[in-house]
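Engineer: What follows is a structure written as structure tokens; I'll ask about it next.
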Amino acid sequence: MSEQKEQITVLGATGSIGVNTLDVIARHPDKYQVFALTAHRNLQLLKEQCLRFKPRFAVITDQQKAELLKEVLSSHKIETQVLSSIEDLTMVASHSDVDTVMAAIVGAAGLLPTLAAVKASKKVLLANKEALVMSGSIFMQAVEDSGATLLPIDSEHNAIFQSLPEHFVSGGIQSCGIENIVLTGSGGPFLNKPLEEFASITPDEACAHPNWDMGRKISVDSATMMNKGLELIEACWMFAVKPADIEIVLHPQSIIHSMVRYKDGSVISQMGNPDMRTPIAHALAFPERIDAGVAPLDFMQISQLTFDKPCFERYPCLKLAIDAIGEGGNMPATLNAANEIAVDAFLNEQIGFAQIAEVIQQVLSQTSYAEVADLEAVLAADSNARQMAQQVLNDIKLYKR
């Protein structure tokens with residue numbers, strides 16, 4: 001009797017993580033079967049994915065594009081059911097036939113379907129760091145209550161996970177002889193760019209990451225190092241540590257993906273070529289190991305590995321993120337929402353690169369601290385911050401005139 005295939009929903013299938021996930025899945029047709037694919041607006045790529053993987057469901061959150069997808073798949077006699085509502089995202093993430101959910105929707109939009117997968121006790125592969133940034137304690141409590149399996153996909157968090165002892169989750173950082181966690185970051189494309197030239201940075205320049213192939217929003221976050229700030233917040237919740245337990249180190253080569261420093265002087269790291277298929281394959285097959293299609297690391301080709309401290313003058317967004325997790329409450333959700341609005345404005349050439357941090361800082365300074373005891377409070381903090389950020393943008397644009 002053949003072994004039953006693991007049924008997988010890919011939330012955010014047309015993004016870089018989703019595409020890489022499907023690449024790994026395609027290498028192991030005997031192990032995995034695609035149950036559902038979702039996309040925001042990339043109809044062409046979602047169509048190609050549906051024709052290849054023939055999922056039971058496809059969700060694209062645009063009614064007109066959903067109708068077009070139905071027509072195309074019907075003409076190819078593909079029986080995929082095409083859906084389009086936000087509620088449908090939650091349904092395909094929590095469906096009783098699903099075993100594993102790749103949570104790869106970028107930004108706050110991924111929170112509700114990811115949380116639905118957790119509450120349905122799925123194995124959740126978390127690439128959507130914003131879910132933990134926005135609702136850390138609520139999200140982790142849901143994981144504990146439901147018995148869901150949560151595995152990190154961000155290369156840094158996956159590296160930390162691989163470098164921790166097996167008994168870490170139950171024992172915590174103090175009982176495992178851990179000194180601290182070292183979170184590495186490349187520094188993005190402007191690591192050595194003169195600060196006086198930041199005002200003229202274009203969206204295309206900000207999206208040209210030297211090591212990683214990512215979507216435009218995440219690429220900008222990497223350029224500002226907000227991505228590292230969000231990862232710091234995510235790591236605090238995922239590994240139950242304090243911000244002071246995490247050291248951020250610039251590592252331009254992106255070969256060491258993160259490290260754990262132990263009290264006996266040992267440092268355990270996870271290394272590999274900068275390819276997201278490695279952490280995806282690790283989490284997908286955990287605790288086994290499978291081929292990810294990634295070239296092995298050739299140490300003879302590595303000329304040097306360098307490390308440095310991040311400069312907050314160069315990366316003010318990183319400092320804003322560190323301050324936000326330090327304050328706690330509604331501040332991380334506020335930070336995330338303001339950043340999403342500011343980055344979108346930059347990508348649409350409404351503000352300059354250096355003004356991203358300015359928008360976020362103004363929103364944070366105008367926000368009063370509040371506890372976030374439930375999901376409604378998280379969503380309210382997100383909504384309020386977006387409104388404030390939009391007003392800040394309007395004021396900036398008015399000033400520019």
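So you can find residues: chains in the structure tokens are A, B, ... in the order shown, residues in each start at 1, and ligands are numbered from 1 in order.
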Would you pick out the contacts of A:Phe286 at 12 Å or less, using only C-alpha atoms, so that residues sharing its chain but fewer than 5 positions from it are not included, and give the list as a ChimeraX atom specification?
Structural biologist: /A:100,123-125,149-153,158,161-162,278-281
Engineer: Give me the stretch 67-159 of chain A side of the contact with stretch 324-346 of chain A, cut-off 12 Å, one line per residue showing its nearest atom pair and distance in Å at one decimal, counting only C-alpha atoms, sorted by chain and residue number, as CSV.
Structural biologist:
```
residue,atom,partner,partner_atom,distance
A:Val106,CA,A:Glu340,CA,9.9
A:Gly107,CA,A:Glu340,CA,7.3
A:Ala108,CA,A:Ala337,CA,7.5
A:Ala109,CA,A:Ala337,CA,10.6
A:Leu111,CA,A:Ala333,CA,11.3
A:Lys129,CA,A:Asn336,CA,10.2
A:Glu130,CA,A:Asn336,CA,7.2
A:Ala131,CA,A:Ala333,CA,9.3
A:Leu132,CA,A:Ala333,CA,9.3
A:Val133,CA,A:Pro332,CA,5.9
A:Met134,CA,A:Ala333,CA,4.2
A:Ser135,CA,A:Ala333,CA,7.3
A:Gly136,CA,A:Pro332,CA,9.1
A:Ser137,CA,A:Gly329,CA,9.9
A:Ile138,CA,A:Gly329,CA,11.4
```
Engineer: Taking the backbone alone, and naming residues the way the document does, which bits of stretch 3-239 of chain A are strand (DSSP E or B) by DSSP, as an MDAnalysis selection string?
Structural biologist: chainID A and resid 6:11 32:39 57:60 81:83 100:103 123:126 149:152 178:185
Engineer: Just want the 8 Å neighbourhood of A:Ser84, counted on only C-alpha atoms, with same-chain residues fewer than 2 positions away dropped. Output as an mmCIF file with N, CA and C atoms, in the first residue's frame.
Structural biologist:
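part_25.cif was written with the following content:
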```
data_model
loop_
_atom_site.group_PDB
_atom_site.id
_atom_site.type_symbol
_atom_site.label_atom_id
_atom_site.label_comp_id
_atom_site.auth_asym_id
_atom_site.auth_seq_id
_atom_site.Cartn_x
_atom_site.Cartn_y
_atom_site.Cartn_z
ATOM 1 N N VAL A 59 -7.228 30.354 -4.904
ATOM 2 C CA VAL A 59 -7.862 31.585 -4.420
ATOM 3 C C VAL A 59 -7.066 32.772 -4.941
ATOM 4 N N ILE A 60 -7.744 33.673 -5.646
ATOM 5 C CA ILE A 60 -7.132 34.935 -6.045
ATOM 6 C C ILE A 60 -8.077 36.043 -5.616
ATOM 7 N N THR A 61 -7.579 36.966 -4.810
ATOM 8 C CA THR A 61 -8.466 37.925 -4.140
ATOM 9 C C THR A 61 -8.817 39.105 -5.042
ATOM 10 N N ASP A 62 -9.306 38.771 -6.221
ATOM 11 C CA ASP A 62 -9.795 39.746 -7.198
ATOM 12 C C ASP A 62 -10.870 39.019 -8.003
ATOM 13 N N GLN A 63 -12.112 39.439 -7.839
ATOM 14 C CA GLN A 63 -13.233 38.721 -8.421
ATOM 15 C C GLN A 63 -13.128 38.606 -9.946
ATOM 16 N N ALA A 66 -10.533 36.146 -10.832
ATOM 17 C CA ALA A 66 -11.012 34.804 -10.494
ATOM 18 C C ALA A 66 -11.873 34.242 -11.622
ATOM 19 N N VAL A 82 -12.114 27.592 -8.203
ATOM 20 C CA VAL A 82 -11.533 28.930 -8.067
ATOM 21 C C VAL A 82 -12.394 29.790 -7.146
ATOM 22 N N ILE A 86 -11.710 36.810 1.021
ATOM 23 C CA ILE A 86 -10.761 36.724 2.130
ATOM 24 C C ILE A 86 -11.095 35.506 2.989
ATOM 25 N N ASP A 88 -12.206 32.763 1.972
ATOM 26 C CA ASP A 88 -11.722 31.563 1.283
ATOM 27 C C ASP A 88 -10.258 31.276 1.606
#
```
Engineer: Using DSSP on the backbone coordinates, identify all residues within stretch 13-202 of chain A classified as alpha helix (DSSP H); present the result as a PyMOL selection string.
Structural biologist: chain A and resi 16-26+43-53+63-75+86-94+111-119+129-146+155-163+168-175
Engineer: What separation in Å, quoted to one decimal, exists between atom CA of A:Leu83 and atom CA of A:Ile105?
Structural biologist: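 The value is 16.5 Å.
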Engineer: Under the rule that only C-alpha atoms are counted, which of A:Leu393, A:Ala104, A:Leu230, A:Leu115 is the nearest residue to A:Gly215?
Structural biologist: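 Between A:Leu393, A:Ala104, A:Leu230, A:Leu115, the residue approaching A:Gly215 most closely is A:Ala104.
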Engineer: Go through A:Leu126, A:Ala199, A:Val92, A:Ala357 one by one, measure the shortest atom-to-atom distance of each to A:Ser155 using only C-alpha atoms, and give the residue with the smallest value.
Structural biologist: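 For A:Ser155, the nearest of the given residues is A:Leu126.
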Engineer: Between A:Phe57, A:Phe312, A:Tyr32, A:Phe307, which has the minimum distance to A:Ala285 (counting only C-alpha atoms)?
Structural biologist: A:Tyr32
Engineer: For a test of reading the model, state the distance in Å between atom CA of A:Asn192 and atom CA of A:Cys207, rounded to one decimal.
Structural biologist: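 Spanning atom CA of A:Asn192 to atom CA of A:Cys207 is a straight-line distance of 15.8 Å.
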Engineer: Determine the nearest neighbour of A:Pro274 from the options A:Lys217, A:Lys242, A:His209, A:His167, counting only C-alpha atoms.
Structural biologist: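 Comparing A:Lys217, A:Lys242, A:His209, A:His167 against A:Pro274, the winner is A:His209.
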Engineer: Could you name the residues that touch A:Met259 at 6 Å or less, counting only C-alpha atoms, but leaving out those on the same chain fewer than 6 positions away, as a PyMOL selection string?
Structural biologist: chain A and resi 160+182+268-269
Engineer: Go ahead and save the picked residues with C-alpha atoms, as a PDB file, in the first residue's frame.
Structural biologist:
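Done, and the output landed in result-v7.pdb:
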```pdb
ATOM      1  CA  ILE A 160      18.531  29.488  14.799  1.00  0.00           C
ATOM      2  CA  VAL A 182      23.193  36.016  16.922  1.00  0.00           C
ATOM      3  CA  ILE A 268      26.790  26.772  16.580  1.00  0.00           C
ATOM      4  CA  SER A 269      25.734  28.181  13.227  1.00  0.00           C
TER       5      SER A 269
END
```
Engineer: List the spatial neighbours of A:Asp99 as a ChimeraX atom specification - criterion: any atom at most 12 Å away, only C-alpha atoms, same-chain residues fewer than 5 positions off excluded.
Structural biologist: /A:4-10,32-36,92-94,117-118,120-125,148-149,284
Engineer: Need the shell around A:Ala292: protein/DNA/RNA residues with any atom at most 12 Å away, counting only C-alpha atoms. Skip same-chain ones fewer than 4 positions apart. Format as a list in words?
Structural biologist: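 After dropping sequence-adjacent residues, the list is Asn20, Thr21, Leu22, Asp23, Val24, Ile25, Ala26, Arg27, His28, Gly272, Asn273, Asp275, Met276, Arg277, Thr278, Pro279, Ile280, Ala281, His282, Ala283, Leu284, Ala285 and Pro296 of chain A.
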Engineer: Which residues come within 12 Å of A:Ser74, counting only C-alpha atoms, excluding same-chain residues fewer than 5 positions away, as an mmCIF file with N, CA, C and O atoms, in the first residue's frame?
Structural biologist:
```cif
data_model
loop_
_atom_site.group_PDB
_atom_site.id
_atom_site.type_symbol
_atom_site.label_atom_id
_atom_site.label_comp_id
_atom_site.auth_asym_id
_atom_site.auth_seq_id
_atom_site.Cartn_x
_atom_site.Cartn_y
_atom_site.Cartn_z
ATOM 1 N N LYS A 47 -2.153 30.941 -12.835
ATOM 2 C CA LYS A 47 -2.702 30.070 -13.889
ATOM 3 C C LYS A 47 -1.706 28.973 -14.250
ATOM 4 O O LYS A 47 -2.062 27.785 -14.320
ATOM 5 N N CYS A 50 -1.485 26.436 -11.456
ATOM 6 C CA CYS A 50 -2.669 25.562 -11.403
ATOM 7 C C CYS A 50 -2.626 24.510 -12.508
ATOM 8 O O CYS A 50 -2.991 23.344 -12.293
ATOM 9 N N LEU A 51 -2.183 24.912 -13.699
ATOM 10 C CA LEU A 51 -2.092 23.959 -14.806
ATOM 11 C C LEU A 51 -1.066 22.869 -14.495
ATOM 12 O O LEU A 51 -1.248 21.709 -14.886
ATOM 13 N N LYS A 54 -2.418 21.315 -10.447
ATOM 14 C CA LYS A 54 -3.816 20.886 -10.384
ATOM 15 C C LYS A 54 -4.345 20.806 -8.936
ATOM 16 O O LYS A 54 -4.809 19.749 -8.482
ATOM 17 N N GLU A 67 -12.712 35.076 -12.190
ATOM 18 C CA GLU A 67 -13.563 34.630 -13.304
ATOM 19 C C GLU A 67 -12.719 34.249 -14.515
ATOM 20 O O GLU A 67 -12.991 33.264 -15.205
ATOM 21 N N LEU A 68 -11.679 35.038 -14.783
ATOM 22 C CA LEU A 68 -10.787 34.728 -15.902
ATOM 23 C C LEU A 68 -10.064 33.409 -15.667
ATOM 24 O O LEU A 68 -9.903 32.592 -16.586
ATOM 25 N N LEU A 69 -9.635 33.191 -14.416
ATOM 26 C CA LEU A 69 -8.932 31.944 -14.095
ATOM 27 C C LEU A 69 -9.866 30.748 -14.264
ATOM 28 O O LEU A 69 -9.443 29.696 -14.768
ATOM 29 N N GLU A 79 -10.019 20.707 -12.969
ATOM 30 C CA GLU A 79 -11.175 20.779 -12.082
ATOM 31 C C GLU A 79 -10.938 21.602 -10.816
ATOM 32 O O GLU A 79 -11.704 21.529 -9.865
ATOM 33 N N THR A 80 -9.907 22.395 -10.791
ATOM 34 C CA THR A 80 -9.625 23.254 -9.641
ATOM 35 C C THR A 80 -10.782 24.207 -9.391
ATOM 36 O O THR A 80 -11.269 24.860 -10.324
ATOM 37 N N GLN A 81 -11.227 24.291 -8.138
ATOM 38 C CA GLN A 81 -12.298 25.220 -7.773
ATOM 39 C C GLN A 81 -11.677 26.578 -7.476
ATOM 40 O O GLN A 81 -10.830 26.701 -6.588
ATOM 41 N N VAL A 82 -12.114 27.592 -8.203
ATOM 42 C CA VAL A 82 -11.533 28.930 -8.067
ATOM 43 C C VAL A 82 -12.394 29.790 -7.146
ATOM 44 O O VAL A 82 -13.609 29.907 -7.345
#
```
Engineer: In terms of the shortest atom-to-atom distance over only C-alpha atoms, which of A:Gln304, A:Thr14, A:Ser85, A:Thr184 is closest to A:Leu232?
Structural biologist: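 Using only C-alpha atoms, A:Leu232 sits closest to A:Thr184.
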Engineer: In terms of the shortest atom-to-atom distance over only C-alpha atoms, which of A:Ser146, A:Ile351, A:Tyr369, A:Ile396 is closest to A:Pro203?
Structural biologist: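 Nearest to A:Pro203: A:Ile351.
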